[in-house]
Amino acid sequence: MRHRLPGLSTKKLHKLLYYCQGHHLAAFGVPLFHETISAWDMGPVVGALWRAERSGDTSGSQRELGDAELNTVGYVVSRYGRLTGTDLEHLTHSETPWQYANTARMPSESARIELEWIREYFSTAGAVDDDDEFPVDAAEVRAILKGAEARRNPEPRPDDPQRLRARIAQMRAQLDRSA
């Protein structure tokens, strides 16, 4: 994702990974990656990645993605990529997987977000809308990701979940018109 979205903040990366995991689980029934996602104060975080990068290990475990995985990443970037890390934090706090895990944790601690909670949420309330074109082909994903930085809008973003969802729908409509 960082290669496709230059300047991607750590906070935003972790939220996008959560959305990738959720949409991939819902669409294909298998996880996109096997690292645990946990509820932190700032929302969902892939703890192993956060700790590795904090200790200076930026190499990560990179693997070649197939068409299904690329479709998931492209869809998530096109749907959520223009939102800020804070926008995504507020959005994830309004969703049941983070809320379930958050009930079992103390402030400044973490609690595991179960894959089943993620799969269930993204198969129902967080499911792909009928208007969404998912999955898309790999060439379209590459085209979407190639221009992501240029499409980034510097205007302030709303921070409540209803306004964020409305903004996502508006951005999707703009992308459809430009396609």
# chains A, B, ... in the order shown; residues from 1 in each chain; ligands from 1

call {"tool": "select_by_dssp", "arguments": {"residues": "stretch 7-105 of chain A", "states": "alpha helix (DSSP H)", "output": "short mmCIF file (atom, residue, chain, number, x, y, z; two decimals) with C-alpha atoms, in the first residue's frame"}}
result
data_model
loop_
_atom_site.label_atom_id
_atom_site.label_comp_id
_atom_site.auth_asym_id
_atom_site.auth_seq_id
_atom_site.Cartn_x
_atom_site.Cartn_y
_atom_site.Cartn_z
CA THR A 10 0.93 4.58 9.94
CA LYS A 11 -2.51 5.21 11.39
CA LYS A 12 -4.18 5.19 7.98
CA LEU A 13 -2.23 2.10 6.88
CA HIS A 14 -3.55 0.06 9.80
CA LYS A 15 -7.14 1.10 9.18
CA LEU A 16 -6.83 0.26 5.47
CA LEU A 17 -5.37 -3.15 6.39
CA TYR A 18 -8.39 -3.75 8.65
CA TYR A 19 -10.73 -2.87 5.77
CA CYS A 20 -8.75 -5.09 3.39
CA GLN A 21 -9.05 -7.98 5.84
CA GLY A 22 -12.78 -7.40 6.31
CA HIS A 23 -13.71 -7.11 2.65
CA HIS A 24 -11.48 -10.05 1.70
CA LEU A 25 -12.99 -12.27 4.39
CA ALA A 26 -16.50 -11.34 3.30
CA ALA A 27 -15.83 -11.84 -0.41
CA PHE A 28 -13.61 -14.93 -0.34
CA GLY A 47 0.20 -5.19 16.19
CA ALA A 48 2.99 -7.31 14.69
CA LEU A 49 3.49 -4.82 11.86
CA TRP A 50 3.32 -1.83 14.21
CA ARG A 51 5.93 -3.35 16.55
CA ALA A 52 8.22 -4.39 13.68
CA GLU A 53 8.19 -0.95 12.14
CA ARG A 54 8.64 0.74 15.50
CA ASP A 67 -5.82 -11.13 -8.63
CA ALA A 68 -8.22 -11.70 -5.71
CA GLU A 69 -5.88 -10.00 -3.26
CA LEU A 70 -5.18 -7.12 -5.68
CA ASN A 71 -8.92 -6.71 -6.21
CA THR A 72 -9.43 -6.41 -2.46
CA VAL A 73 -6.62 -3.89 -2.01
CA GLY A 74 -7.76 -1.84 -5.01
CA TYR A 75 -11.34 -1.82 -3.82
CA VAL A 76 -10.35 -0.69 -0.33
CA VAL A 77 -8.04 2.03 -1.63
CA SER A 78 -10.72 3.30 -4.02
CA ARG A 79 -13.40 3.23 -1.32
CA TYR A 80 -11.44 4.53 1.70
CA GLY A 85 -6.31 8.30 9.32
CA THR A 86 -8.50 10.22 11.76
CA ASP A 87 -11.55 9.83 9.48
CA LEU A 88 -10.91 6.10 9.37
CA GLU A 89 -10.39 5.97 13.14
CA HIS A 90 -13.83 7.49 13.70
CA LEU A 91 -15.39 5.19 11.12
CA THR A 92 -13.87 2.04 12.65
CA HIS A 93 -14.95 3.12 16.15
CA THR A 96 -19.07 -3.64 15.72
CA PRO A 97 -15.76 -5.57 15.39
CA TRP A 98 -13.82 -2.76 17.09
CA GLN A 99 -16.67 -2.15 19.57
CA TYR A 100 -16.80 -5.83 20.60
CA ALA A 101 -13.06 -5.94 21.25
CA ASN A 102 -13.09 -2.52 22.91
#

call {"tool": "residues_around", "arguments": {"residues": "A:Ala111", "least_positions_apart": "2", "cutoff": "9 Å", "atoms": "only C-alpha atoms", "output": "mmCIF file with C-alpha atoms, in the first residue's frame"}}
result
data_model
loop_
_atom_site.group_PDB
_atom_site.id
_atom_site.type_symbol
_atom_site.label_atom_id
_atom_site.label_comp_id
_atom_site.auth_asym_id
_atom_site.auth_seq_id
_atom_site.Cartn_x
_atom_site.Cartn_y
_atom_site.Cartn_z
ATOM 1 C CA ILE A 37 -5.768 -7.219 14.279
ATOM 2 C CA SER A 38 -6.347 -5.653 17.691
ATOM 3 C CA ALA A 39 -8.472 -2.825 19.065
ATOM 4 C CA TRP A 40 -6.281 0.041 20.260
ATOM 5 C CA ALA A 101 -13.062 -5.940 21.252
ATOM 6 C CA ASN A 102 -13.093 -2.515 22.909
ATOM 7 C CA THR A 103 -15.531 -3.673 25.607
ATOM 8 C CA ALA A 104 -12.885 -6.132 26.870
ATOM 9 C CA ARG A 105 -9.959 -3.707 27.076
ATOM 10 C CA MET A 106 -8.735 -0.950 29.352
ATOM 11 C CA GLU A 109 -4.281 -1.555 26.195
ATOM 12 C CA ILE A 113 -10.560 -8.374 17.132
#

call {"tool": "atom_distance", "arguments": {"atom1": "atom CA of A:His34", "atom2": "atom CA of A:Arg172"}}
result
29.4 Å

call {"tool": "closest_residue", "arguments": {"among": "A:Arg2, A:Pro44, A:Leu8, A:Ser178", "to": "A:Leu83", "atoms": "only C-alpha atoms"}}
result
A:Leu8

call {"tool": "closest_residue", "arguments": {"among": "A:Glu95, A:Glu120, A:Glu114, A:Asp176", "to": "A:Gly29", "atoms": "only C-alpha atoms"}}
result
A:Glu120

call {"tool": "decode", "arguments": {"residues": "stretch 26-38 of chain A", "atoms": "N, CA, C and O atoms", "output": "short mmCIF file (atom, residue, chain, number, x, y, z; two decimals), in the first residue's frame"}}
result
data_model
loop_
_atom_site.label_atom_id
_atom_site.label_comp_id
_atom_site.auth_asym_id
_atom_site.auth_seq_id
_atom_site.Cartn_x
_atom_site.Cartn_y
_atom_site.Cartn_z
N ALA A 26 -15.10 -11.29 3.74
CA ALA A 26 -16.50 -11.34 3.30
C ALA A 26 -16.63 -11.86 1.87
O ALA A 26 -17.54 -12.63 1.57
N ALA A 27 -15.72 -11.46 1.00
CA ALA A 27 -15.83 -11.84 -0.41
C ALA A 27 -15.33 -13.26 -0.68
O ALA A 27 -15.90 -13.97 -1.50
N PHE A 28 -14.26 -13.67 0.01
CA PHE A 28 -13.61 -14.93 -0.34
C PHE A 28 -13.61 -15.97 0.78
O PHE A 28 -13.22 -17.11 0.56
N GLY A 29 -14.00 -15.58 2.00
CA GLY A 29 -14.09 -16.52 3.10
C GLY A 29 -12.76 -16.90 3.73
O GLY A 29 -12.72 -17.75 4.61
N VAL A 30 -11.67 -16.30 3.28
CA VAL A 30 -10.35 -16.57 3.85
C VAL A 30 -9.67 -15.24 4.17
O VAL A 30 -9.93 -14.23 3.50
N PRO A 31 -8.80 -15.22 5.17
CA PRO A 31 -8.10 -13.98 5.50
C PRO A 31 -7.14 -13.56 4.39
O PRO A 31 -6.55 -14.41 3.72
N LEU A 32 -6.96 -12.28 4.22
CA LEU A 32 -5.96 -11.74 3.30
C LEU A 32 -4.56 -11.92 3.88
O LEU A 32 -3.60 -12.15 3.17
N PHE A 33 -4.46 -11.81 5.21
CA PHE A 33 -3.19 -12.01 5.92
C PHE A 33 -3.51 -12.65 7.27
O PHE A 33 -4.66 -12.66 7.71
N HIS A 34 -2.48 -13.22 7.90
CA HIS A 34 -2.72 -14.00 9.12
C HIS A 34 -2.34 -13.30 10.42
O HIS A 34 -2.58 -13.84 11.50
N GLU A 35 -1.77 -12.11 10.34
CA GLU A 35 -1.45 -11.37 11.55
C GLU A 35 -2.73 -10.93 12.25
O GLU A 35 -3.74 -10.65 11.61
N THR A 36 -2.68 -10.86 13.57
CA THR A 36 -3.82 -10.47 14.39
C THR A 36 -4.08 -8.98 14.27
O THR A 36 -3.15 -8.18 14.25
N ILE A 37 -5.35 -8.62 14.21
CA ILE A 37 -5.77 -7.22 14.28
C ILE A 37 -6.34 -7.01 15.67
O ILE A 37 -7.15 -7.81 16.15
N SER A 38 -5.90 -5.94 16.33
CA SER A 38 -6.35 -5.65 17.69
C SER A 38 -6.99 -4.28 17.77
O SER A 38 -6.70 -3.39 16.97
#
